[in-house]
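Structure file query.cif (mmCIF, C-alpha atoms) is printed below.
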data_data
loop_
_atom_site.label_atom_id
_atom_site.label_comp_id
_atom_site.auth_asym_id
_atom_site.auth_seq_id
_atom_site.Cartn_x
_atom_site.Cartn_y
_atom_site.Cartn_z
CA MET A 13 83.27 60.23 116.26
CA LYS A 14 83.35 62.85 118.99
CA ILE A 15 87.10 62.41 119.33
CA LYS A 16 87.50 62.79 115.61
CA ALA A 17 85.54 66.04 115.63
CA VAL A 18 87.62 67.41 118.48
CA THR A 19 90.80 66.45 116.66
CA ALA A 20 89.55 68.14 113.53
CA ILE A 21 88.77 71.33 115.43
CA ALA A 22 92.18 71.24 117.07
CA ALA A 23 93.79 70.84 113.66
CA VAL A 24 91.83 73.80 112.33
CA LEU A 25 92.86 75.94 115.28
CA LEU A 26 96.44 74.92 114.84
CA SER A 27 96.51 75.77 111.17
CA THR A 28 94.85 79.13 111.84
CA SER A 29 97.49 80.14 114.31
CA VAL A 30 100.36 78.95 112.15
CA PHE A 31 99.11 80.40 108.90
CA ALA A 32 97.22 83.54 108.04
CA ASP A 33 93.94 84.39 109.60
CA GLU A 34 91.91 84.65 106.43
CA ASP A 35 88.95 86.11 108.29
CA ALA A 36 90.77 88.97 109.99
CA GLU A 37 89.94 92.51 108.96
CA LEU A 38 92.51 95.18 108.23
CA VAL A 39 92.11 98.50 110.01
CA VAL A 40 95.17 100.75 109.92
CA ASN A 41 95.90 103.04 112.86
CA GLY A 42 92.53 102.10 114.27
CA GLU A 43 90.82 104.31 111.69
CA ILE A 44 91.44 103.41 108.03
CA GLU A 45 89.16 100.48 107.24
CA MET A 46 90.53 98.50 104.34
CA VAL A 47 88.52 96.32 102.01
CA THR A 48 90.68 93.20 101.73
CA LYS A 49 87.97 90.92 100.36
CA THR A 50 85.19 91.84 97.96
CA ALA A 51 83.23 90.62 94.97
CA ALA A 52 85.38 90.19 91.88
CA PRO A 53 85.03 92.96 89.30
CA ALA A 54 82.69 92.10 86.43
CA HIS A 55 85.50 91.47 83.94
CA LEU A 56 86.87 88.77 86.24
CA SER A 57 83.65 87.09 87.27
CA ASP A 58 84.20 84.07 84.99
CA ALA A 59 87.44 83.28 86.80
CA LEU A 60 86.94 84.38 90.41
CA ASP A 61 84.03 85.00 92.77
CA GLU A 62 85.93 87.26 95.09
CA VAL A 63 89.17 89.12 95.15
CA LEU A 64 91.46 89.00 98.18
CA SER A 65 94.26 91.28 99.22
CA GLY A 66 97.62 89.62 99.77
CA TRP A 67 97.31 90.83 103.36
CA ARG A 68 94.85 87.99 104.04
CA PHE A 69 97.45 85.38 103.10
CA ARG A 70 100.15 86.53 105.48
CA SER A 71 100.94 85.41 109.01
CA ASP A 72 99.41 87.13 112.03
CA GLU A 73 102.72 88.83 112.79
CA THR A 74 103.07 90.23 109.27
CA GLN A 75 99.43 91.31 109.25
CA LEU A 76 99.91 93.20 112.52
CA MET A 77 102.86 95.17 111.16
CA GLN A 78 100.59 96.81 108.61
CA MET A 79 97.95 97.75 111.16
CA ASP A 80 99.92 100.56 112.76
CA ASP A 81 102.14 103.03 110.90
CA PHE A 82 104.65 102.96 113.75
CA ASP A 83 105.12 99.23 113.12
CA ASN A 84 105.11 99.48 109.33
CA PRO A 85 108.72 99.64 108.10
CA GLY A 86 107.53 101.03 104.76
CA MET A 87 106.53 104.29 106.43
CA VAL A 88 110.18 105.30 106.77
CA ALA A 89 110.34 105.58 102.99
CA VAL A 90 107.13 107.61 102.98
CA ASP A 91 108.71 110.11 105.35
CA ALA A 92 111.80 110.32 103.16
CA ALA A 93 109.67 110.89 100.07
CA ALA A 94 107.74 113.64 101.87
CA GLU A 95 111.04 115.51 102.13
CA ALA A 96 111.84 114.79 98.51
CA TRP A 97 108.40 116.16 97.57
CA ASP A 98 109.40 119.57 98.90
CA ALA A 99 113.00 119.49 97.67
CA VAL A 100 113.88 121.64 94.65
CA GLU A 101 115.76 119.62 92.03
CA GLY A 102 116.74 120.04 88.42
CA SER A 103 117.26 122.89 85.96
CA GLU A 104 113.82 124.47 86.41
CA GLY A 105 114.21 125.20 90.12
CA LYS A 106 111.10 123.29 91.06
CA SER A 107 110.01 120.69 93.54
CA CYS A 108 106.94 118.45 93.29
CA ALA A 109 105.27 120.91 95.68
CA SER A 110 105.92 123.84 93.32
CA CYS A 111 103.15 122.58 91.05
CA HIS A 112 101.21 120.15 93.23
CA GLY A 113 101.23 121.92 96.60
CA ASP A 114 100.52 119.79 99.64
CA VAL A 115 100.73 116.12 98.71
CA ALA A 116 97.96 115.38 101.21
CA ASP A 117 95.57 117.50 99.14
CA SER A 118 96.66 117.12 95.54
CA MET A 119 97.37 113.39 95.46
CA VAL A 120 94.19 112.10 97.09
CA GLY A 121 92.70 109.40 94.87
CA VAL A 122 95.54 109.41 92.35
CA ARG A 123 96.99 106.01 93.11
CA ALA A 124 93.56 104.38 92.94
CA VAL A 125 93.17 105.03 89.21
CA TYR A 126 96.69 104.24 87.97
CA PRO A 127 97.78 103.02 85.46
CA LYS A 128 95.64 105.36 83.36
CA TRP A 129 95.46 106.93 79.93
CA ASN A 130 97.33 110.17 79.33
CA ASP A 131 95.60 112.17 76.61
CA ALA A 132 98.47 114.46 75.72
CA ALA A 133 101.00 111.67 75.42
CA GLU A 134 98.44 109.23 74.02
CA GLU A 135 99.74 106.39 76.13
CA VAL A 136 98.93 104.32 79.18
CA ARG A 137 100.94 105.68 82.07
CA THR A 138 101.93 103.99 85.27
CA LEU A 139 102.46 106.12 88.35
CA ALA A 140 106.20 105.59 87.92
CA MET A 141 106.05 106.90 84.34
CA GLN A 142 104.12 109.98 85.48
CA ILE A 143 106.59 110.68 88.30
CA ASN A 144 109.47 110.48 85.84
CA ASP A 145 107.67 112.61 83.25
CA CYS A 146 107.33 115.33 85.88
CA ARG A 147 110.94 115.02 86.92
CA GLU A 148 112.33 115.05 83.40
CA ASN A 149 110.02 117.51 81.66
CA LYS A 150 108.72 119.78 84.41
CA MET A 151 111.64 119.87 86.82
CA GLY A 152 114.53 119.24 84.46
CA ALA A 153 115.76 116.64 86.93
CA GLU A 154 117.21 113.18 86.51
CA LYS A 155 114.66 110.41 86.13
CA TYR A 156 114.41 107.95 88.98
CA GLY A 157 115.37 104.37 88.19
CA TYR A 158 112.11 102.57 87.42
CA THR A 159 112.32 100.23 90.39
CA SER A 160 114.72 102.33 92.52
CA GLY A 161 114.29 103.07 96.18
CA ASP A 162 113.55 106.72 95.40
CA MET A 163 110.82 105.71 92.97
CA ALA A 164 109.29 103.18 95.35
CA ALA A 165 109.30 105.78 98.12
CA MET A 166 107.64 108.46 95.96
CA GLU A 167 105.02 105.95 94.80
CA ALA A 168 104.42 105.07 98.45
CA LEU A 169 104.01 108.71 99.46
CA ILE A 170 101.48 109.28 96.68
CA SER A 171 99.71 106.00 97.46
CA VAL A 172 99.34 106.80 101.15
CA GLN A 173 97.09 109.71 100.23
CA SER A 174 94.61 107.18 98.79
CA ARG A 175 94.79 104.55 101.50
CA GLY A 176 91.42 102.93 102.05
CA MET A 177 90.03 104.17 98.74
CA PRO A 178 88.95 101.46 96.29
CA VAL A 179 91.20 100.65 93.36
CA ASN A 180 89.28 101.80 90.31
CA VAL A 181 91.35 101.36 87.19
CA ALA A 182 89.65 101.95 83.85
CA ILE A 183 89.85 99.04 81.43
CA ASP A 184 87.94 100.31 78.40
CA GLY A 185 88.18 103.21 75.99
CA PRO A 186 91.70 104.13 74.96
CA VAL A 187 93.35 101.70 77.41
CA GLN A 188 91.45 98.66 76.20
CA ALA A 189 94.08 97.36 73.78
CA THR A 190 96.78 97.63 76.46
CA TRP A 191 94.50 95.95 78.97
CA GLU A 192 93.89 93.06 76.54
CA ALA A 193 97.63 92.71 76.01
CA GLY A 194 98.13 92.57 79.77
CA LYS A 195 95.45 89.94 80.09
CA ASP A 196 97.12 87.83 77.39
CA LEU A 197 100.39 88.06 79.24
CA TYR A 198 98.72 87.09 82.53
CA TYR A 199 97.55 83.82 81.02
CA THR A 200 100.69 83.11 78.95
CA ARG A 201 103.05 80.52 80.34
CA THR A 202 106.73 81.34 80.38
CA GLY A 203 110.02 79.69 81.11
CA GLN A 204 111.20 76.16 81.54
CA LEU A 205 108.76 75.71 84.43
CA ASP A 206 106.03 76.72 81.96
CA LEU A 207 103.91 78.73 84.39
CA SER A 208 101.67 81.75 83.87
CA CYS A 209 100.60 84.26 86.50
CA ALA A 210 97.30 82.39 86.55
CA SER A 211 98.96 79.03 87.25
CA CYS A 212 99.80 80.16 90.77
CA HIS A 213 97.67 83.20 91.52
CA GLU A 214 94.35 82.22 89.96
CA GLN A 215 94.38 78.42 89.99
CA ASN A 216 96.27 77.91 93.22
CA TYR A 217 95.83 80.87 95.53
CA GLY A 218 95.32 79.69 99.09
CA ASN A 219 97.60 76.69 98.55
CA MET A 220 101.02 76.40 100.07
CA ILE A 221 103.96 76.21 97.69
CA ARG A 222 106.60 74.92 100.08
CA ALA A 223 106.51 77.45 102.95
CA ASP A 224 104.83 80.20 100.93
CA HIS A 225 101.09 80.77 101.02
CA LEU A 226 100.09 81.59 97.44
CA SER A 227 98.04 84.77 97.20
CA GLN A 228 96.01 86.13 94.33
CA GLY A 229 98.97 88.29 93.35
CA GLN A 230 96.98 91.49 93.82
CA ILE A 231 98.94 94.74 93.57
CA ASN A 232 96.65 97.04 95.56
CA GLY A 233 99.33 97.03 98.28
CA PHE A 234 102.23 98.13 96.05
CA PRO A 235 104.78 99.42 96.61
CA VAL A 236 105.15 96.77 99.27
CA TYR A 237 107.63 96.45 102.10
CA ARG A 238 108.92 92.89 101.93
CA LEU A 239 110.45 91.35 105.04
CA LYS A 240 112.39 89.09 102.68
CA ASN A 241 114.55 91.91 101.29
CA ALA A 242 113.81 94.57 103.91
CA LYS A 243 112.86 97.32 101.48
CA LEU A 244 110.00 98.78 99.49
CA ASN A 245 109.39 96.89 96.25
CA THR A 246 107.67 98.15 93.13
CA ALA A 247 105.15 96.11 91.16
CA HIS A 248 107.47 95.79 88.16
CA ALA A 249 110.31 94.52 90.32
CA ARG A 250 107.95 91.88 91.69
CA PHE A 251 106.70 90.96 88.21
CA LYS A 252 110.31 90.52 87.14
CA GLY A 253 110.99 88.27 90.11
CA CYS A 254 107.95 86.14 89.39
CA VAL A 255 108.77 85.69 85.70
CA ARG A 256 112.39 84.91 86.58
CA ASP A 257 111.14 82.22 88.96
CA THR A 258 109.46 80.41 86.08
CA ARG A 259 113.01 79.99 84.70
CA ALA A 260 112.20 82.48 81.97
CA GLU A 261 113.88 85.40 80.28
CA THR A 262 112.14 88.25 82.08
CA PHE A 263 110.72 91.45 80.69
CA LYS A 264 112.28 94.71 81.79
CA PRO A 265 110.68 96.94 84.42
CA GLY A 266 109.03 99.80 82.55
CA SER A 267 108.66 97.70 79.38
CA ALA A 268 105.46 97.79 77.32
CA GLU A 269 104.75 94.25 78.50
CA PHE A 270 104.95 95.08 82.20
CA ILE A 271 102.99 98.33 81.76
CA ALA A 272 100.21 96.29 80.18
CA LEU A 273 100.49 93.63 82.85
CA GLU A 274 100.34 96.25 85.62
CA LEU A 275 97.16 97.70 84.15
CA TYR A 276 95.57 94.28 83.89
CA VAL A 277 96.64 93.04 87.33
CA ALA A 278 95.59 96.35 88.92
CA SER A 279 92.16 95.93 87.32
CA ARG A 280 91.83 92.48 88.88
CA GLY A 281 91.93 94.30 92.21
CA ASN A 282 89.27 96.87 91.38
CA GLY A 283 87.24 97.22 94.56
CA LEU A 284 90.06 96.35 96.97
CA SER A 285 91.51 99.22 98.99
CA VAL A 286 94.72 101.00 98.15
CA GLU A 287 96.99 99.69 100.93
CA ALA A 288 100.44 100.94 100.06
CA PRO A 289 102.85 100.71 101.61
CA SER A 290 101.71 97.24 102.58
CA VAL A 291 103.82 94.71 104.47
CA ARG A 292 104.39 91.21 103.11
CA ASN A 293 106.93 88.46 103.53
CA MET B 17 148.67 66.29 65.92
CA ARG B 18 147.49 63.04 64.49
CA LEU B 19 147.86 61.41 67.88
CA THR B 20 145.77 64.08 69.55
CA SER B 21 142.90 63.75 67.12
CA LEU B 22 143.04 59.99 67.46
CA THR B 23 142.81 60.36 71.21
CA VAL B 24 139.85 62.69 70.86
CA ALA B 25 138.13 60.28 68.49
CA ALA B 26 138.73 57.41 70.87
CA GLY B 27 137.40 59.51 73.74
CA LEU B 28 134.25 60.38 71.81
CA ALA B 29 133.67 56.76 70.89
CA LEU B 30 134.06 55.75 74.50
CA ALA B 31 131.71 58.49 75.69
CA SER B 32 129.00 57.59 73.20
CA ALA B 33 129.36 53.93 74.10
CA SER B 34 128.87 54.57 77.79
CA PHE B 35 125.81 56.75 77.16
CA ALA B 36 124.36 54.56 74.45
CA GLU B 37 121.47 53.58 76.69
CA THR B 38 120.46 57.13 77.64
CA VAL B 39 117.39 58.40 75.80
CA ALA B 40 117.67 62.09 74.86
CA PRO B 41 114.77 64.36 75.91
CA GLY B 42 113.59 64.70 72.31
CA ASP B 43 113.63 60.92 71.76
CA VAL B 44 111.40 59.82 74.64
CA VAL B 45 108.52 57.64 73.40
CA PHE B 46 105.15 58.16 75.10
CA ASP B 47 102.14 55.92 74.75
CA GLU B 48 98.73 57.40 73.99
CA TYR B 49 98.07 58.05 77.70
CA GLY B 50 101.39 59.79 78.31
CA ALA B 51 103.20 56.86 79.91
CA VAL B 52 106.83 56.06 79.09
CA GLU B 53 107.47 52.32 79.15
CA ALA B 54 111.21 52.21 78.52
CA SER B 55 113.77 53.22 81.11
CA LEU B 56 115.60 56.40 80.10
CA THR B 57 118.97 54.88 81.02
CA GLY B 58 118.71 51.13 81.26
CA VAL B 59 120.18 51.48 84.74
CA ALA B 60 117.92 50.57 87.65
CA GLY B 61 116.81 53.59 89.66
CA ASP B 62 118.31 54.28 93.09
CA PRO B 63 115.36 55.01 95.40
CA ALA B 64 117.52 56.67 98.07
CA ASN B 65 118.83 59.17 95.58
CA GLY B 66 115.30 59.59 94.21
CA ARG B 67 114.09 60.67 97.63
CA SER B 68 116.94 63.14 97.87
CA VAL B 69 115.99 64.61 94.47
CA ILE B 70 112.38 64.97 95.62
CA VAL B 71 113.16 66.97 98.76
CA SER B 72 116.08 69.00 97.40
CA LYS B 73 115.21 72.55 96.43
CA LYS B 74 118.13 72.60 94.02
CA ARG B 75 117.12 69.37 92.27
CA GLY B 76 113.56 68.14 91.87
CA ASN B 77 111.94 70.25 94.61
CA CYS B 78 108.87 68.02 94.26
CA ILE B 79 108.16 68.81 97.92
CA ALA B 80 107.34 72.40 96.97
CA CYS B 81 104.02 71.16 95.57
CA HIS B 82 103.57 67.60 96.87
CA SER B 83 103.25 66.21 100.39
CA ALA B 84 103.84 62.62 101.48
CA GLU B 85 104.40 60.67 104.68
CA ALA B 86 107.58 59.37 103.09
CA TRP B 87 109.27 62.75 103.58
CA ALA B 88 107.42 63.78 106.74
CA ASP B 89 110.76 64.64 108.35
CA GLU B 90 111.15 67.56 105.93
CA LEU B 91 109.34 70.81 106.77
CA PHE B 92 106.74 72.56 104.63
CA HIS B 93 105.11 70.24 102.14
CA GLY B 94 103.31 72.00 99.31
CA GLU B 95 99.62 71.72 98.46
CA VAL B 96 99.58 72.59 94.78
CA GLY B 97 99.76 68.98 93.62
CA PRO B 98 98.15 65.85 95.11
CA THR B 99 99.75 64.02 98.00
CA LEU B 100 101.95 61.18 96.78
CA ASP B 101 101.17 58.76 99.60
CA GLY B 102 100.76 55.33 98.06
CA VAL B 103 101.33 56.61 94.53
CA GLY B 104 103.33 53.49 93.66
CA GLY B 105 100.23 51.43 94.37
CA TYR B 106 98.04 53.06 91.77
CA ARG B 107 100.55 54.30 89.18
CA SER B 108 102.85 52.03 87.21
CA ALA B 109 106.51 52.88 86.76
CA ALA B 110 105.75 53.75 83.13
CA GLU B 111 103.04 56.19 84.20
CA LEU B 112 105.26 57.77 86.85
CA ARG B 113 108.08 58.11 84.32
CA GLY B 114 105.76 59.73 81.77
CA ILE B 115 104.42 62.21 84.35
CA LEU B 116 107.94 63.17 85.38
CA VAL B 117 109.25 63.52 81.82
CA ASN B 118 106.31 65.65 80.65
CA SER B 119 103.18 65.60 82.77
CA LYS B 120 101.17 67.47 80.14
CA LYS B 121 101.06 64.26 78.08
CA THR B 122 99.12 62.69 80.95
CA PHE B 123 97.28 65.70 82.40
CA GLU B 124 96.47 68.28 79.77
CA GLY B 125 96.98 71.82 81.03
CA THR B 126 98.58 70.82 84.33
CA VAL B 127 100.80 73.36 86.07
CA MET B 128 103.38 70.66 86.82
CA PRO B 129 106.66 71.35 84.99
CA ALA B 130 108.19 68.84 82.57
CA TYR B 131 111.38 67.51 84.10
CA TYR B 132 112.95 65.96 81.00
CA LYS B 133 112.22 68.37 78.18
CA VAL B 134 114.40 70.99 76.54
CA ASP B 135 112.36 72.59 73.78
CA GLY B 136 109.00 74.15 73.08
CA PHE B 137 109.21 76.72 75.88
CA ASN B 138 108.19 80.39 75.76
CA ARG B 139 111.08 82.71 76.69
CA PRO B 140 113.22 79.99 78.27
CA GLY B 141 115.68 81.42 80.75
CA ASP B 142 119.13 80.51 81.94
CA ALA B 143 118.01 78.84 85.18
CA TYR B 144 116.86 81.53 87.65
CA THR B 145 118.96 84.41 86.32
CA GLY B 146 116.15 86.03 84.33
CA LYS B 147 118.43 86.05 81.29
CA ALA B 148 117.75 84.20 78.05
CA ALA B 149 118.89 80.60 77.95
CA LYS B 150 121.72 79.74 75.61
CA GLU B 151 121.20 76.01 75.81
CA LEU B 152 118.63 74.23 77.95
CA SER B 153 119.37 71.21 80.07
CA PRO B 154 116.46 69.17 81.35
CA LEU B 155 115.45 70.00 84.93
CA LEU B 156 116.55 66.50 85.98
CA THR B 157 118.98 64.09 84.38
CA ALA B 158 117.75 60.83 82.88
CA GLN B 159 119.13 58.88 85.82
CA GLU B 160 117.58 61.24 88.36
CA ILE B 161 114.20 60.61 86.67
CA GLU B 162 114.78 56.87 87.01
CA ASP B 163 115.78 57.33 90.65
CA VAL B 164 112.62 59.30 91.44
CA VAL B 165 110.50 56.71 89.62
CA ALA B 166 112.11 53.99 91.75
CA PHE B 167 111.38 55.86 94.96
CA LEU B 168 107.79 56.75 94.06
CA ALA B 169 107.13 53.17 92.96
CA SER B 170 108.12 52.08 96.47
CA LEU B 171 105.37 54.21 98.05
CA GLN B 172 102.63 51.68 98.75
CA ASP B 173 99.71 52.13 101.12
#

Target encoding structure tokens, full file:
Amino acid sequence: MKIKAVTAIAAVLLSTSVFADEDAELVVNGEIEMVTKTAAPAHLSDALDEVLSGWRFRSDETQLMQMDDFDNPGMVAVDAAAEAWDAVEGSEGKSCASCHGDVADSMVGVRAVYPKWNDAAEEVRTLAMQINDCRENKMGAEKYGYTSGDMAAMEALISVQSRGMPVNVAIDGPVQATWEAGKDLYYTRTGQLDLSCASCHEQNYGNMIRADHLSQGQINGFPVYRLKNAKLNTAHARFKGCVRDTRAETFKPGSAEFIALELYVASRGNGLSVEAPSVRN
Amino acid sequence: MRLTSLTVAAGLALASASFAETVAPGDVVFDEYGAVEASLTGVAGDPANGRSVIVSKKRGNCIACHSAEAWADELFHGEVGPTLDGVGGYRSAAELRGILVNSKKTFEGTVMPAYYKVDGFNRPGDAYTGKAAKELSPLLTAQEIEDVVAFLASLQD
């Protein structure tokens, strides 16, 4: 009996060191305290008790990379986007800074509430859509590709200004119909493997699928630097990859379906901290 | 011209004769519990090939979700599905075949894919390209299903 208990403890220790430390806490640069685990938002309470950042599912090494900006490879893109922020582009002779001033002042809290309703356009806008609206209509510049490196970097720069703030996406009022559509999509199975988002990320988070530790699929850390492809990745690019991996015909990044899905998935992380750019495998 | 078409006809006849025993995905007969009694091919399963299908990412990739001592030499067994240790002791070949062909007939709402099914999917894609499928092949061939059944049936506690 005693031997069994010791063996069990050893096994637990072993698995903790090999896999993620699900009890570790994320503090970035020794000062930004991130909420990576909290009570599920009310709209999700039937399905989940708590929501968990993908950071909790990663290995110790990957977790560490996000704890210091000097170790976080995603910060290179943030620096590049900071230059782009000040760079004049397009027919109107403007930069982002021309209207928005210092990004560290004007963009605080922005990422936490996107996607959100835009009254003038009467549509749900993702951060990417808003960036491109500015570029096209205010600057007279070329739009960024929806999942391009430039777009991911600009999203990261804007997101950094909200790091540590809780995601707080509205789900009612004018966005409600879009949110419902996103929820439907989340629970709809696709492809020859016949899997929904929920099949893996609600029913099976915490389980290993081959060598991958299934997370809740939260997007509070997006855009995310993935070690797998060594670049910043946008949420829609990740959605596309996931749907593709069900052996399905994917939706396009920027499509109405993925905009709705982004709103819904973001709302599942209400209460978690904005982490972008996060580091994942 | 006439010779060519005769040759083609003969070829077709030969082909259909040699596959006469293979049950098409749409013609599989399930019992009320989701089991499939009849072999899909009439050819005895090859357990060695079945094991290879199970651990191959490009074929069955069963290992992505299921662990078992029988493939302990392979790294990273999944945890999504139950372990398959001893599964041949408590599941009949007919039950195993039914679960492989379309597990939803046995376990309603399961996340396990159907390995011998080509219709009824939402937005089926052309493998992992993300593009729409033109024509779907089952995830495993009829004989691969039989081979996996033979291997799983051999797993006894």

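The smallest atom-to-atom distance between chain A and any of B:Leu156, B:Cys78, B:Ala148, B:Ala60, using only C-alpha atoms, is found for B:Ala148.
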
Separation of CA of Thr126 in chain B from CA of Thr190 in chain A in Å |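 If I compute the distance from CA of Thr190 in chain A to CA of Thr126 in chain B, I get 28.0 Å.
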
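Across the structure, CA of Phe137 in chain B and CA of Ala210 in chain A are spaced 17.0 Å apart.
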
In Å and to one decimal, CA of Glu95 in chain B is distant from CA of Leu275 in chain A by 29.8 Å

Residues of chain A within 8 Å of chain B, all atoms listed in the file counted, as a list in words = Arg201, Thr202, Gly203, Gln204, Leu205, Asp206, Leu207, Ser211, Asn216, Asn219, Met220, Ile221, Arg222, Ala223, Lys252, Val255, Arg256, Asp257, Thr258, Arg259, Ala260, Glu261 and Thr262 of chain A

Within 9 Å of (98.1, 92.6, 109.5), only C-alpha atoms: residues as a PyMOL selection string?
-> chain A and resi 36-40+67-68+70-80+291

Dump as an mmCIF file, keeping the file's coordinate frame, selection limited to C-alpha atoms:
data_model
loop_
_atom_site.group_PDB
_atom_site.id
_atom_site.type_symbol
_atom_site.label_atom_id
_atom_site.label_comp_id
_atom_site.auth_asym_id
_atom_site.auth_seq_id
_atom_site.Cartn_x
_atom_site.Cartn_y
_atom_site.Cartn_z
ATOM 1 C CA ALA A 36 90.770 88.970 109.990
ATOM 2 C CA GLU A 37 89.940 92.510 108.960
ATOM 3 C CA LEU A 38 92.510 95.180 108.230
ATOM 4 C CA VAL A 39 92.110 98.500 110.010
ATOM 5 C CA VAL A 40 95.170 100.750 109.920
ATOM 6 C CA TRP A 67 97.310 90.830 103.360
ATOM 7 C CA ARG A 68 94.850 87.990 104.040
ATOM 8 C CA ARG A 70 100.150 86.530 105.480
ATOM 9 C CA SER A 71 100.940 85.410 109.010
ATOM 10 C CA ASP A 72 99.410 87.130 112.030
ATOM 11 C CA GLU A 73 102.720 88.830 112.790
ATOM 12 C CA THR A 74 103.070 90.230 109.270
ATOM 13 C CA GLN A 75 99.430 91.310 109.250
ATOM 14 C CA LEU A 76 99.910 93.200 112.520
ATOM 15 C CA MET A 77 102.860 95.170 111.160
ATOM 16 C CA GLN A 78 100.590 96.810 108.610
ATOM 17 C CA MET A 79 97.950 97.750 111.160
ATOM 18 C CA ASP A 80 99.920 100.560 112.760
ATOM 19 C CA VAL A 291 103.820 94.710 104.470
#

Could you state which residues are captured by the PyMOL selection byres ((chain B and resi 98-115) around 9) in this file, as number ranges by chain?
-> B: 46-47, 49-56, 81-86, 94-97, 116-123, 128, 130-131, 161-162, 164-173
